[in-house]
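Before any comments, here is the structure.
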Amino acid sequence: MTKTDHLFGMKINALRMPEVIQQLHEWTHTPSAGCRFVVTPNVDHAVMFQQHTGLQRAYSDASLVLVDGFPLLAAAKLLGRQIPERVPGSDLVPALFESTNPNSSPDNSAGNRCLKVFLLGAAPGVADRAAANIHLRWPGVKIVGTYSPPLGFETSAAENDTILQRIAASKPDVLVIGLGAPKQELWVHAHRHQIAAPVALCVGATIDFLAGEKPRAPVWMRRVGLEWLHRMLSEPRRLAKRYLRGAWIFPQLVWQEWANNSGAVSVTPLKTGQKRPQPSGSP
Ligand code: UDP
């Protein structure tokens, strides 16, 4: 795992989807000191990352950091970064499930065994509906457990123990976490040494998508990089503030990074655990 680049202070793994899938399969049967976890930043996460030391620490310990959003990839290209493609969490999970299909590729070593998965997050009942859909569509995937933790679970030691015990009892190969950012990243980071799963994927609303609870953008919108617009229009009350904040701060981040690269202005480089400078009001 050598190909990495940097973007807005985040280390990014410059991998294509098939390379990521292959790596995840390898990790499911390779022991490690703690649960390896994958994060998939979008614009909102990149903006949050600048000020959130907990998120910075989580990202620095993540085994894979993959670009989720089209605007982030576009900025990476503009800045000359070597990041080949987006690997959004909501595509990664179905692609991983699809790879259990023996016919998915000629050299598919993963296609002959069952992939055991635990779904953590989403509203009560949603993960069970996702599990039913997954079993119908991907017979090589077995959902061995689901859990929708109650509101505020992250501050309850008893609730965290319950979650960890449920995961341990079902022995998944992969833990799919849909708790939204930054909760999912902070939770997996805090508990990585107790999570009894070799791999965890922090993938936001993916469980909702798999359950059919929230509609994903049509393929043409995903192809032209407008999935964010579809999401905002489908949940305007909840997401408008998030997107407006991104629309204001993200261009400033791009400018700051460009200026830093080109030597036009000096911006202090990020050290993990250190707050990044707040983007200035106008370039
Ligand atoms: N969620 C949850 N518990 C919480 C907070 C959120 O299960 O305490 C779920 C929520 O029901 C939804 C997902 O986390 O399924 C978050 O989706 P969001 O749209 O925020 O994901 P993102 O845009 O961060 O990928």
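Residue numbering restarts at 1 for every chain of the structure tokens, chains are lettered A, B, ... in their displayed order, and ligands are numbered from 1 as they appear.
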
May I have the residues within 6 Å of ligand 1, computed using only C-alpha atoms and all ligand atoms, as a VMD selection string? chain A and resid 121 to 123 148 151 178 to 181 203 to 205 208

Can you write out the residues you just picked, keeping N, CA and C atoms, as an mmCIF file, in the first residue's frame?
```
data_model
loop_
_atom_site.group_PDB
_atom_site.id
_atom_site.type_symbol
_atom_site.label_atom_id
_atom_site.label_comp_id
_atom_site.auth_asym_id
_atom_site.auth_seq_id
_atom_site.Cartn_x
_atom_site.Cartn_y
_atom_site.Cartn_z
ATOM 1 N N GLY A 121 -25.700 1.108 12.466
ATOM 2 C CA GLY A 121 -26.175 2.470 12.208
ATOM 3 C C GLY A 121 -27.476 2.495 11.436
ATOM 4 N N ALA A 122 -27.924 3.703 11.146
ATOM 5 C CA ALA A 122 -29.217 4.007 10.497
ATOM 6 C C ALA A 122 -30.354 3.845 11.512
ATOM 7 N N ALA A 123 -31.522 4.344 11.164
ATOM 8 C CA ALA A 123 -32.670 4.331 12.081
ATOM 9 C C ALA A 123 -33.123 2.889 12.329
ATOM 10 N N SER A 148 -28.949 -0.654 15.462
ATOM 11 C CA SER A 148 -29.185 0.782 15.358
ATOM 12 C C SER A 148 -29.021 1.355 16.763
ATOM 13 N N LEU A 151 -29.856 7.287 20.261
ATOM 14 C CA LEU A 151 -29.270 8.623 20.224
ATOM 15 C C LEU A 151 -28.348 8.831 21.440
ATOM 16 N N GLY A 178 -22.607 3.166 9.461
ATOM 17 C CA GLY A 178 -23.353 4.290 8.882
ATOM 18 C C GLY A 178 -23.911 5.172 9.978
ATOM 19 N N LEU A 179 -23.042 5.957 10.591
ATOM 20 C CA LEU A 179 -23.453 6.829 11.709
ATOM 21 C C LEU A 179 -23.286 8.297 11.365
ATOM 22 N N GLY A 180 -22.893 8.596 10.115
ATOM 23 C CA GLY A 180 -22.638 9.981 9.717
ATOM 24 C C GLY A 180 -21.292 10.462 10.239
ATOM 25 N N ALA A 181 -20.779 11.495 9.598
ATOM 26 C CA ALA A 181 -19.468 12.062 9.988
ATOM 27 C C ALA A 181 -19.701 13.269 10.906
ATOM 28 N N VAL A 203 -19.193 4.721 6.182
ATOM 29 C CA VAL A 203 -19.815 4.994 4.887
ATOM 30 C C VAL A 203 -21.143 5.754 4.957
ATOM 31 N N GLY A 204 -21.348 6.541 6.021
ATOM 32 C CA GLY A 204 -22.473 7.472 6.074
ATOM 33 C C GLY A 204 -23.816 6.841 5.792
ATOM 34 N N ALA A 205 -24.486 7.346 4.770
ATOM 35 C CA ALA A 205 -25.870 6.959 4.501
ATOM 36 C C ALA A 205 -25.995 5.666 3.666
ATOM 37 N N ASP A 208 -28.788 3.282 4.501
ATOM 38 C CA ASP A 208 -30.079 3.825 4.032
ATOM 39 C C ASP A 208 -30.267 3.537 2.540
#
```

Quick one: residues within 10 Å of A:Asp128, only C-alpha atoms counted, chain neighbours fewer than 6 positions away excluded, as an MDAnalysis selection string? chainID A and resid 119 122 134 143 145:148 207 211

Dump of all heavy atoms for the selected residues, as a PDB file, in the first residue's frame:
```
ATOM      1  N   LEU A 119     -23.912  -4.672  10.025  1.00  0.00           N
ATOM      2  CA  LEU A 119     -24.343  -3.314   9.668  1.00  0.00           C
ATOM      3  C   LEU A 119     -24.627  -2.533  10.944  1.00  0.00           C
ATOM      4  O   LEU A 119     -25.552  -2.883  11.695  1.00  0.00           O
ATOM      5  CB  LEU A 119     -25.618  -3.358   8.812  1.00  0.00           C
ATOM      6  CG  LEU A 119     -25.570  -4.168   7.515  1.00  0.00           C
ATOM      7  CD1 LEU A 119     -26.947  -4.153   6.830  1.00  0.00           C
ATOM      8  CD2 LEU A 119     -24.510  -3.609   6.562  1.00  0.00           C
ATOM      9  N   ALA A 122     -27.924   3.703  11.146  1.00  0.00           N
ATOM     10  CA  ALA A 122     -29.217   4.007  10.497  1.00  0.00           C
ATOM     11  C   ALA A 122     -30.354   3.845  11.512  1.00  0.00           C
ATOM     12  O   ALA A 122     -30.167   3.263  12.588  1.00  0.00           O
ATOM     13  CB  ALA A 122     -29.447   3.156   9.252  1.00  0.00           C
ATOM     14  N   ILE A 134     -29.760  -7.086   0.604  1.00  0.00           N
ATOM     15  CA  ILE A 134     -28.390  -7.567   0.323  1.00  0.00           C
ATOM     16  C   ILE A 134     -28.414  -9.084   0.076  1.00  0.00           C
ATOM     17  O   ILE A 134     -27.798  -9.581  -0.876  1.00  0.00           O
ATOM     18  CB  ILE A 134     -27.445  -7.204   1.493  1.00  0.00           C
ATOM     19  CG1 ILE A 134     -27.234  -5.688   1.535  1.00  0.00           C
ATOM     20  CG2 ILE A 134     -26.102  -7.935   1.380  1.00  0.00           C
ATOM     21  CD1 ILE A 134     -26.630  -5.165   2.838  1.00  0.00           C
ATOM     22  N   ILE A 143     -25.274 -11.212   6.129  1.00  0.00           N
ATOM     23  CA  ILE A 143     -25.353 -10.188   7.180  1.00  0.00           C
ATOM     24  C   ILE A 143     -25.503 -10.919   8.503  1.00  0.00           C
ATOM     25  O   ILE A 143     -26.535 -11.536   8.776  1.00  0.00           O
ATOM     26  CB  ILE A 143     -26.531  -9.216   6.938  1.00  0.00           C
ATOM     27  CG1 ILE A 143     -26.414  -8.546   5.555  1.00  0.00           C
ATOM     28  CG2 ILE A 143     -26.571  -8.149   8.040  1.00  0.00           C
ATOM     29  CD1 ILE A 143     -25.161  -7.720   5.319  1.00  0.00           C
ATOM     30  N   GLY A 145     -25.163  -9.565  11.551  1.00  0.00           N
ATOM     31  CA  GLY A 145     -25.690  -8.753  12.645  1.00  0.00           C
ATOM     32  C   GLY A 145     -26.029  -7.354  12.173  1.00  0.00           C
ATOM     33  O   GLY A 145     -25.457  -6.867  11.188  1.00  0.00           O
ATOM     34  N   THR A 146     -27.018  -6.747  12.839  1.00  0.00           N
ATOM     35  CA  THR A 146     -27.353  -5.344  12.567  1.00  0.00           C
ATOM     36  C   THR A 146     -27.617  -4.691  13.918  1.00  0.00           C
ATOM     37  O   THR A 146     -28.045  -5.361  14.862  1.00  0.00           O
ATOM     38  CB  THR A 146     -28.636  -5.203  11.710  1.00  0.00           C
ATOM     39  OG1 THR A 146     -29.746  -5.709  12.449  1.00  0.00           O
ATOM     40  CG2 THR A 146     -28.537  -5.917  10.380  1.00  0.00           C
ATOM     41  N   TYR A 147     -27.376  -3.399  13.986  1.00  0.00           N
ATOM     42  CA  TYR A 147     -27.712  -2.690  15.228  1.00  0.00           C
ATOM     43  C   TYR A 147     -27.863  -1.199  14.944  1.00  0.00           C
ATOM     44  O   TYR A 147     -27.022  -0.598  14.268  1.00  0.00           O
ATOM     45  CB  TYR A 147     -26.629  -2.908  16.296  1.00  0.00           C
ATOM     46  CG  TYR A 147     -27.046  -2.385  17.650  1.00  0.00           C
ATOM     47  CD1 TYR A 147     -28.246  -2.789  18.242  1.00  0.00           C
ATOM     48  CD2 TYR A 147     -26.254  -1.470  18.349  1.00  0.00           C
ATOM     49  CE1 TYR A 147     -28.641  -2.311  19.482  1.00  0.00           C
ATOM     50  CE2 TYR A 147     -26.637  -0.991  19.601  1.00  0.00           C
ATOM     51  CZ  TYR A 147     -27.836  -1.411  20.151  1.00  0.00           C
ATOM     52  OH  TYR A 147     -28.227  -0.934  21.384  1.00  0.00           O
ATOM     53  N   SER A 148     -28.949  -0.654  15.462  1.00  0.00           N
ATOM     54  CA  SER A 148     -29.185   0.782  15.358  1.00  0.00           C
ATOM     55  C   SER A 148     -29.021   1.355  16.763  1.00  0.00           C
ATOM     56  O   SER A 148     -29.930   1.245  17.583  1.00  0.00           O
ATOM     57  CB  SER A 148     -30.601   1.028  14.839  1.00  0.00           C
ATOM     58  OG  SER A 148     -30.936   2.373  15.001  1.00  0.00           O
ATOM     59  N   ILE A 207     -26.149   2.521   4.380  1.00  0.00           N
ATOM     60  CA  ILE A 207     -27.130   1.521   4.841  1.00  0.00           C
ATOM     61  C   ILE A 207     -28.538   1.969   4.422  1.00  0.00           C
ATOM     62  O   ILE A 207     -29.362   1.153   3.984  1.00  0.00           O
ATOM     63  CB  ILE A 207     -27.024   1.303   6.369  1.00  0.00           C
ATOM     64  CG1 ILE A 207     -25.621   0.783   6.728  1.00  0.00           C
ATOM     65  CG2 ILE A 207     -28.100   0.325   6.865  1.00  0.00           C
ATOM     66  CD1 ILE A 207     -25.320   0.711   8.228  1.00  0.00           C
ATOM     67  N   ALA A 211     -31.053  -0.072   1.925  1.00  0.00           N
ATOM     68  CA  ALA A 211     -32.403  -0.433   2.372  1.00  0.00           C
ATOM     69  C   ALA A 211     -33.463   0.153   1.448  1.00  0.00           C
ATOM     70  O   ALA A 211     -34.641  -0.201   1.555  1.00  0.00           O
ATOM     71  CB  ALA A 211     -32.622   0.091   3.785  1.00  0.00           C
TER      72      ALA A 211
END
```

All residues 8 Å or closer to stretch 33-47 of chain A, only C-alpha atoms, same chain fewer than 2 positions away omitted, as a PDB file with N, CA, C and O atoms, in the first residue's frame:
```pdb
ATOM      1  N   PHE A   8      -5.625  19.017   1.311  1.00  0.00           N
ATOM      2  CA  PHE A   8      -6.169  19.802   2.432  1.00  0.00           C
ATOM      3  C   PHE A   8      -5.739  19.231   3.785  1.00  0.00           C
ATOM      4  O   PHE A   8      -6.533  19.202   4.717  1.00  0.00           O
ATOM      5  N   MET A  10      -5.183  16.158   4.481  1.00  0.00           N
ATOM      6  CA  MET A  10      -5.535  14.737   4.652  1.00  0.00           C
ATOM      7  C   MET A  10      -4.600  13.881   3.793  1.00  0.00           C
ATOM      8  O   MET A  10      -4.359  14.219   2.635  1.00  0.00           O
ATOM      9  N   TRP A  27      -7.234  -8.001   3.769  1.00  0.00           N
ATOM     10  CA  TRP A  27      -7.280  -7.661   5.197  1.00  0.00           C
ATOM     11  C   TRP A  27      -8.272  -8.526   5.975  1.00  0.00           C
ATOM     12  O   TRP A  27      -8.083  -8.733   7.170  1.00  0.00           O
ATOM     13  N   PRO A  31      -4.428 -11.044  10.160  1.00  0.00           N
ATOM     14  CA  PRO A  31      -4.580 -10.478  11.509  1.00  0.00           C
ATOM     15  C   PRO A  31      -3.857  -9.132  11.627  1.00  0.00           C
ATOM     16  O   PRO A  31      -2.863  -8.893  10.944  1.00  0.00           O
ATOM     17  N   PHE A  49     -12.486  18.716   8.865  1.00  0.00           N
ATOM     18  CA  PHE A  49     -11.140  18.227   9.195  1.00  0.00           C
ATOM     19  C   PHE A  49     -10.201  19.365   9.601  1.00  0.00           C
ATOM     20  O   PHE A  49      -9.320  19.185  10.443  1.00  0.00           O
ATOM     21  N   GLN A  50     -10.396  20.549   9.001  1.00  0.00           N
ATOM     22  CA  GLN A  50      -9.464  21.658   9.227  1.00  0.00           C
ATOM     23  C   GLN A  50      -9.395  22.072  10.697  1.00  0.00           C
ATOM     24  O   GLN A  50      -8.363  22.529  11.168  1.00  0.00           O
ATOM     25  N   GLN A  51     -10.524  21.897  11.410  1.00  0.00           N
ATOM     26  CA  GLN A  51     -10.605  22.399  12.787  1.00  0.00           C
ATOM     27  C   GLN A  51     -10.760  21.308  13.828  1.00  0.00           C
ATOM     28  O   GLN A  51     -10.693  21.578  15.015  1.00  0.00           O
ATOM     29  N   TYR A  59      -8.236  10.248  11.081  1.00  0.00           N
ATOM     30  CA  TYR A  59      -7.757  10.107   9.707  1.00  0.00           C
ATOM     31  C   TYR A  59      -6.308   9.635   9.685  1.00  0.00           C
ATOM     32  O   TYR A  59      -5.921   8.865   8.814  1.00  0.00           O
ATOM     33  N   ALA A  62      -6.329   5.973  10.091  1.00  0.00           N
ATOM     34  CA  ALA A  62      -7.142   5.187   9.149  1.00  0.00           C
ATOM     35  C   ALA A  62      -6.224   4.377   8.234  1.00  0.00           C
ATOM     36  O   ALA A  62      -5.151   4.844   7.846  1.00  0.00           O
ATOM     37  N   SER A  63      -6.652   3.167   7.890  1.00  0.00           N
ATOM     38  CA  SER A  63      -5.834   2.342   6.989  1.00  0.00           C
ATOM     39  C   SER A  63      -5.993   2.778   5.543  1.00  0.00           C
ATOM     40  O   SER A  63      -5.091   2.591   4.723  1.00  0.00           O
ATOM     41  N   LEU A  64      -7.164   3.320   5.221  1.00  0.00           N
ATOM     42  CA  LEU A  64      -7.365   3.867   3.879  1.00  0.00           C
ATOM     43  C   LEU A  64      -8.193   5.146   3.977  1.00  0.00           C
ATOM     44  O   LEU A  64      -9.191   5.188   4.700  1.00  0.00           O
ATOM     45  N   VAL A  65      -7.753   6.163   3.221  1.00  0.00           N
ATOM     46  CA  VAL A  65      -8.520   7.412   3.106  1.00  0.00           C
ATOM     47  C   VAL A  65      -8.788   7.584   1.610  1.00  0.00           C
ATOM     48  O   VAL A  65      -7.850   7.724   0.816  1.00  0.00           O
ATOM     49  N   LEU A  66     -10.061   7.525   1.232  1.00  0.00           N
ATOM     50  CA  LEU A  66     -10.426   7.489  -0.187  1.00  0.00           C
ATOM     51  C   LEU A  66     -11.342   8.657  -0.506  1.00  0.00           C
ATOM     52  O   LEU A  66     -12.259   8.950   0.268  1.00  0.00           O
ATOM     53  N   VAL A  67     -11.098   9.301  -1.636  1.00  0.00           N
ATOM     54  CA  VAL A  67     -11.922  10.461  -2.000  1.00  0.00           C
ATOM     55  C   VAL A  67     -13.332  10.016  -2.366  1.00  0.00           C
ATOM     56  O   VAL A  67     -13.522   9.183  -3.254  1.00  0.00           O
ATOM     57  N   ASP A  68     -14.313  10.578  -1.661  1.00  0.00           N
ATOM     58  CA  ASP A  68     -15.707  10.200  -1.886  1.00  0.00           C
ATOM     59  C   ASP A  68     -16.382  11.125  -2.902  1.00  0.00           C
ATOM     60  O   ASP A  68     -17.040  10.659  -3.824  1.00  0.00           O
ATOM     61  N   GLY A  69     -16.202  12.433  -2.707  1.00  0.00           N
ATOM     62  CA  GLY A  69     -17.028  13.376  -3.467  1.00  0.00           C
ATOM     63  C   GLY A  69     -16.368  13.871  -4.746  1.00  0.00           C
ATOM     64  O   GLY A  69     -15.144  14.028  -4.812  1.00  0.00           O
ATOM     65  N   PHE A  70     -17.210  14.149  -5.754  1.00  0.00           N
ATOM     66  CA  PHE A  70     -16.706  14.670  -7.025  1.00  0.00           C
ATOM     67  C   PHE A  70     -15.987  16.017  -6.849  1.00  0.00           C
ATOM     68  O   PHE A  70     -14.913  16.220  -7.416  1.00  0.00           O
ATOM     69  N   PRO A  71     -16.560  16.968  -6.061  1.00  0.00           N
ATOM     70  CA  PRO A  71     -15.850  18.255  -5.925  1.00  0.00           C
ATOM     71  C   PRO A  71     -14.447  18.088  -5.339  1.00  0.00           C
ATOM     72  O   PRO A  71     -13.518  18.805  -5.725  1.00  0.00           O
ATOM     73  N   LEU A  72     -14.295  17.119  -4.457  1.00  0.00           N
ATOM     74  CA  LEU A  72     -12.973  16.884  -3.859  1.00  0.00           C
ATOM     75  C   LEU A  72     -12.002  16.344  -4.924  1.00  0.00           C
ATOM     76  O   LEU A  72     -10.839  16.751  -4.987  1.00  0.00           O
ATOM     77  N   VAL A  87     -13.592   6.965  -4.885  1.00  0.00           N
ATOM     78  CA  VAL A  87     -14.062   5.670  -4.389  1.00  0.00           C
ATOM     79  C   VAL A  87     -15.087   5.986  -3.288  1.00  0.00           C
ATOM     80  O   VAL A  87     -14.773   5.919  -2.099  1.00  0.00           O
ATOM     81  N   PRO A  88     -16.312   6.377  -3.679  1.00  0.00           N
ATOM     82  CA  PRO A  88     -17.300   6.755  -2.662  1.00  0.00           C
ATOM     83  C   PRO A  88     -17.730   5.548  -1.834  1.00  0.00           C
ATOM     84  O   PRO A  88     -17.835   4.435  -2.360  1.00  0.00           O
ATOM     85  N   GLY A  89     -17.977   5.795  -0.553  1.00  0.00           N
ATOM     86  CA  GLY A  89     -18.412   4.710   0.326  1.00  0.00           C
ATOM     87  C   GLY A  89     -19.667   4.026  -0.187  1.00  0.00           C
ATOM     88  O   GLY A  89     -19.803   2.802  -0.099  1.00  0.00           O
ATOM     89  N   ALA A 181     -20.779  11.495   9.598  1.00  0.00           N
ATOM     90  CA  ALA A 181     -19.468  12.062   9.988  1.00  0.00           C
ATOM     91  C   ALA A 181     -19.701  13.269  10.906  1.00  0.00           C
ATOM     92  O   ALA A 181     -20.648  14.021  10.697  1.00  0.00           O
ATOM     93  N   PRO A 182     -18.872  13.459  11.922  1.00  0.00           N
ATOM     94  CA  PRO A 182     -17.659  12.715  12.230  1.00  0.00           C
ATOM     95  C   PRO A 182     -17.884  11.572  13.233  1.00  0.00           C
ATOM     96  O   PRO A 182     -16.908  10.969  13.675  1.00  0.00           O
ATOM     97  N   GLU A 185     -16.340   8.127  12.320  1.00  0.00           N
ATOM     98  CA  GLU A 185     -14.869   8.106  12.325  1.00  0.00           C
ATOM     99  C   GLU A 185     -14.341   8.154  13.767  1.00  0.00           C
ATOM    100  O   GLU A 185     -13.393   7.452  14.123  1.00  0.00           O
ATOM    101  N   VAL A 188     -15.120   4.669  15.550  1.00  0.00           N
ATOM    102  CA  VAL A 188     -14.255   3.542  15.152  1.00  0.00           C
ATOM    103  C   VAL A 188     -12.826   3.777  15.627  1.00  0.00           C
ATOM    104  O   VAL A 188     -12.129   2.837  16.037  1.00  0.00           O
ATOM    105  N   ARG A 192     -11.085   1.092  18.060  1.00  0.00           N
ATOM    106  CA  ARG A 192     -10.475   0.209  17.058  1.00  0.00           C
ATOM    107  C   ARG A 192      -9.777  -1.002  17.669  1.00  0.00           C
ATOM    108  O   ARG A 192      -9.686  -2.046  17.043  1.00  0.00           O
ATOM    109  N   HIS A 193      -9.279  -0.848  18.908  1.00  0.00           N
ATOM    110  CA  HIS A 193      -8.570  -1.982  19.514  1.00  0.00           C
ATOM    111  C   HIS A 193      -9.517  -2.996  20.147  1.00  0.00           C
ATOM    112  O   HIS A 193      -9.104  -4.078  20.530  1.00  0.00           O
ATOM    113  N   GLN A 194     -10.801  -2.622  20.278  1.00  0.00           N
ATOM    114  CA  GLN A 194     -11.782  -3.575  20.848  1.00  0.00           C
ATOM    115  C   GLN A 194     -12.734  -4.141  19.797  1.00  0.00           C
ATOM    116  O   GLN A 194     -13.475  -5.077  20.075  1.00  0.00           O
ATOM    117  N   ILE A 195     -12.751  -3.552  18.619  1.00  0.00           N
ATOM    118  CA  ILE A 195     -13.711  -4.008  17.596  1.00  0.00           C
ATOM    119  C   ILE A 195     -13.243  -5.354  17.030  1.00  0.00           C
ATOM    120  O   ILE A 195     -12.140  -5.447  16.476  1.00  0.00           O
ATOM    121  N   ALA A 196     -14.086  -6.372  17.185  1.00  0.00           N
ATOM    122  CA  ALA A 196     -13.712  -7.723  16.741  1.00  0.00           C
ATOM    123  C   ALA A 196     -14.087  -7.931  15.278  1.00  0.00           C
ATOM    124  O   ALA A 196     -14.881  -8.812  14.936  1.00  0.00           O
ATOM    125  N   ALA A 197     -13.545  -7.084  14.436  1.00  0.00           N
ATOM    126  CA  ALA A 197     -13.720  -7.237  12.985  1.00  0.00           C
ATOM    127  C   ALA A 197     -12.413  -6.784  12.356  1.00  0.00           C
ATOM    128  O   ALA A 197     -11.843  -5.786  12.809  1.00  0.00           O
ATOM    129  N   PRO A 198     -11.931  -7.493  11.341  1.00  0.00           N
ATOM    130  CA  PRO A 198     -10.645  -7.081  10.758  1.00  0.00           C
ATOM    131  C   PRO A 198     -10.719  -5.760  10.006  1.00  0.00           C
ATOM    132  O   PRO A 198      -9.721  -5.055   9.899  1.00  0.00           O
ATOM    133  N   VAL A 199     -11.911  -5.427   9.483  1.00  0.00           N
ATOM    134  CA  VAL A 199     -12.042  -4.226   8.650  1.00  0.00           C
ATOM    135  C   VAL A 199     -13.351  -3.510   8.977  1.00  0.00           C
ATOM    136  O   VAL A 199     -14.388  -4.162   9.145  1.00  0.00           O
ATOM    137  N   ALA A 200     -13.297  -2.180   9.032  1.00  0.00           N
ATOM    138  CA  ALA A 200     -14.528  -1.388   9.183  1.00  0.00           C
ATOM    139  C   ALA A 200     -14.552  -0.309   8.105  1.00  0.00           C
ATOM    140  O   ALA A 200     -13.512   0.272   7.768  1.00  0.00           O
ATOM    141  N   LEU A 201     -15.740  -0.068   7.571  1.00  0.00           N
ATOM    142  CA  LEU A 201     -15.902   0.949   6.530  1.00  0.00           C
ATOM    143  C   LEU A 201     -16.840   2.034   7.051  1.00  0.00           C
ATOM    144  O   LEU A 201     -17.981   1.733   7.428  1.00  0.00           O
ATOM    145  N   CYS A 202     -16.379   3.278   7.094  1.00  0.00           N
ATOM    146  CA  CYS A 202     -17.217   4.394   7.557  1.00  0.00           C
ATOM    147  C   CYS A 202     -17.906   4.993   6.332  1.00  0.00           C
ATOM    148  O   CYS A 202     -17.257   5.685   5.536  1.00  0.00           O
ATOM    149  N   VAL A 203     -19.193   4.721   6.182  1.00  0.00           N
ATOM    150  CA  VAL A 203     -19.815   4.994   4.887  1.00  0.00           C
ATOM    151  C   VAL A 203     -21.143   5.754   4.957  1.00  0.00           C
ATOM    152  O   VAL A 203     -21.988   5.636   4.066  1.00  0.00           O
ATOM    153  N   ARG A 242     -25.197  22.270   5.679  1.00  0.00           N
ATOM    154  CA  ARG A 242     -23.930  21.576   5.439  1.00  0.00           C
ATOM    155  C   ARG A 242     -23.334  21.992   4.092  1.00  0.00           C
ATOM    156  O   ARG A 242     -22.156  22.314   3.975  1.00  0.00           O
ATOM    157  N   TYR A 243     -24.190  22.012   3.053  1.00  0.00           N
ATOM    158  CA  TYR A 243     -23.694  22.314   1.713  1.00  0.00           C
ATOM    159  C   TYR A 243     -23.343  23.795   1.563  1.00  0.00           C
ATOM    160  O   TYR A 243     -22.387  24.149   0.871  1.00  0.00           O
ATOM    161  N   ARG A 245     -22.248  25.725   3.948  1.00  0.00           N
ATOM    162  CA  ARG A 245     -20.962  25.897   4.632  1.00  0.00           C
ATOM    163  C   ARG A 245     -19.813  25.446   3.719  1.00  0.00           C
ATOM    164  O   ARG A 245     -18.802  26.120   3.571  1.00  0.00           O
ATOM    165  N   GLY A 246     -20.022  24.298   3.063  1.00  0.00           N
ATOM    166  CA  GLY A 246     -19.010  23.786   2.140  1.00  0.00           C
ATOM    167  C   GLY A 246     -18.789  24.744   0.977  1.00  0.00           C
ATOM    168  O   GLY A 246     -17.650  25.008   0.582  1.00  0.00           O
ATOM    169  N   ILE A 249     -16.681  27.718   2.393  1.00  0.00           N
ATOM    170  CA  ILE A 249     -15.310  27.480   2.881  1.00  0.00           C
ATOM    171  C   ILE A 249     -14.447  26.713   1.880  1.00  0.00           C
ATOM    172  O   ILE A 249     -13.248  26.976   1.750  1.00  0.00           O
ATOM    173  N   PHE A 250     -15.043  25.784   1.133  1.00  0.00           N
ATOM    174  CA  PHE A 250     -14.229  24.906   0.281  1.00  0.00           C
ATOM    175  C   PHE A 250     -13.406  25.679  -0.768  1.00  0.00           C
ATOM    176  O   PHE A 250     -12.204  25.410  -0.917  1.00  0.00           O
TER     177      PHE A 250
END
```

Could you jot down the atom CA of A:His52 to atom CA of A:Trp248 separation for me, Å, one decimal place?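 We find that atom CA of A:His52 and atom CA of A:Trp248 lie 17.8 Å from each other.
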
All strand (DSSP E or B) positions in stretch 35-167 of chain A, as an MDAnalysis selection string: chainID A and resid 36:39 64:65 115:121 141:147

Name the residues in contact with A:Leu7 at a cut-off of 10 Å, using only C-alpha atoms, excluding same-chain residues fewer than 6 positions from it; report them as number ranges by chain. A: 46, 67, 72-73, 75-76, 79, 81, 83, 253-254, 257

Resulting file, chosen residues, C-alpha atoms, as a PDB file, in the first residue's frame:
```pdb
ATOM      1  CA  ALA A  46     -12.594  18.140   4.396  1.00  0.00           C
ATOM      2  CA  VAL A  67     -11.922  10.461  -2.000  1.00  0.00           C
ATOM      3  CA  LEU A  72     -12.973  16.884  -3.859  1.00  0.00           C
ATOM      4  CA  LEU A  73     -11.650  14.895  -6.821  1.00  0.00           C
ATOM      5  CA  ALA A  75     -10.053  20.043  -6.630  1.00  0.00           C
ATOM      6  CA  ALA A  76      -7.393  17.316  -6.438  1.00  0.00           C
ATOM      7  CA  LEU A  79      -4.131  21.045  -7.713  1.00  0.00           C
ATOM      8  CA  ARG A  81      -2.642  15.618  -7.221  1.00  0.00           C
ATOM      9  CA  ILE A  83      -5.565  10.630  -7.294  1.00  0.00           C
ATOM     10  CA  LEU A 253      -9.399  25.856   1.039  1.00  0.00           C
ATOM     11  CA  VAL A 254      -8.658  25.233  -2.637  1.00  0.00           C
ATOM     12  CA  GLU A 257      -3.738  24.999  -0.961  1.00  0.00           C
TER      13      GLU A 257
END
```

In Å to one decimal, how far is atom CA of A:Ala217 from atom CA of A:Ala131?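 Computing the Euclidean distance for atom CA of A:Ala131 and atom CA of A:Ala217 yields 21.0 Å.
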
Please identify the helix (DSSP H, G or I) residues within stretch 10-208 of chain A (assignment by DSSP from backbone atoms) and present them as a PyMOL selection string. chain A and resi 17-28+43-49+53-61+70-78+89-98+110-112+126-137+153-155+157-170+183-191+206-208

Please report the interatomic distance between atom CA of A:Pro139 and atom CA of A:Glu26 in Å with one decimal.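 One can read the atom CA of A:Pro139 to atom CA of A:Glu26 distance as 20.3 Å.
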
Proximity to A:Glu19 - best of A:Leu92, A:Ile167, A:Val117, A:Leu244, only C-alpha atoms: A:Leu92

Compare A:Arg16, A:His29, A:Arg216, A:Lys241 by their minimum atom-to-atom distance to A:Val174, counting only C-alpha atoms, and give me the closest one.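 Answer, going by the shortest atom-to-atom distance: A:His29.
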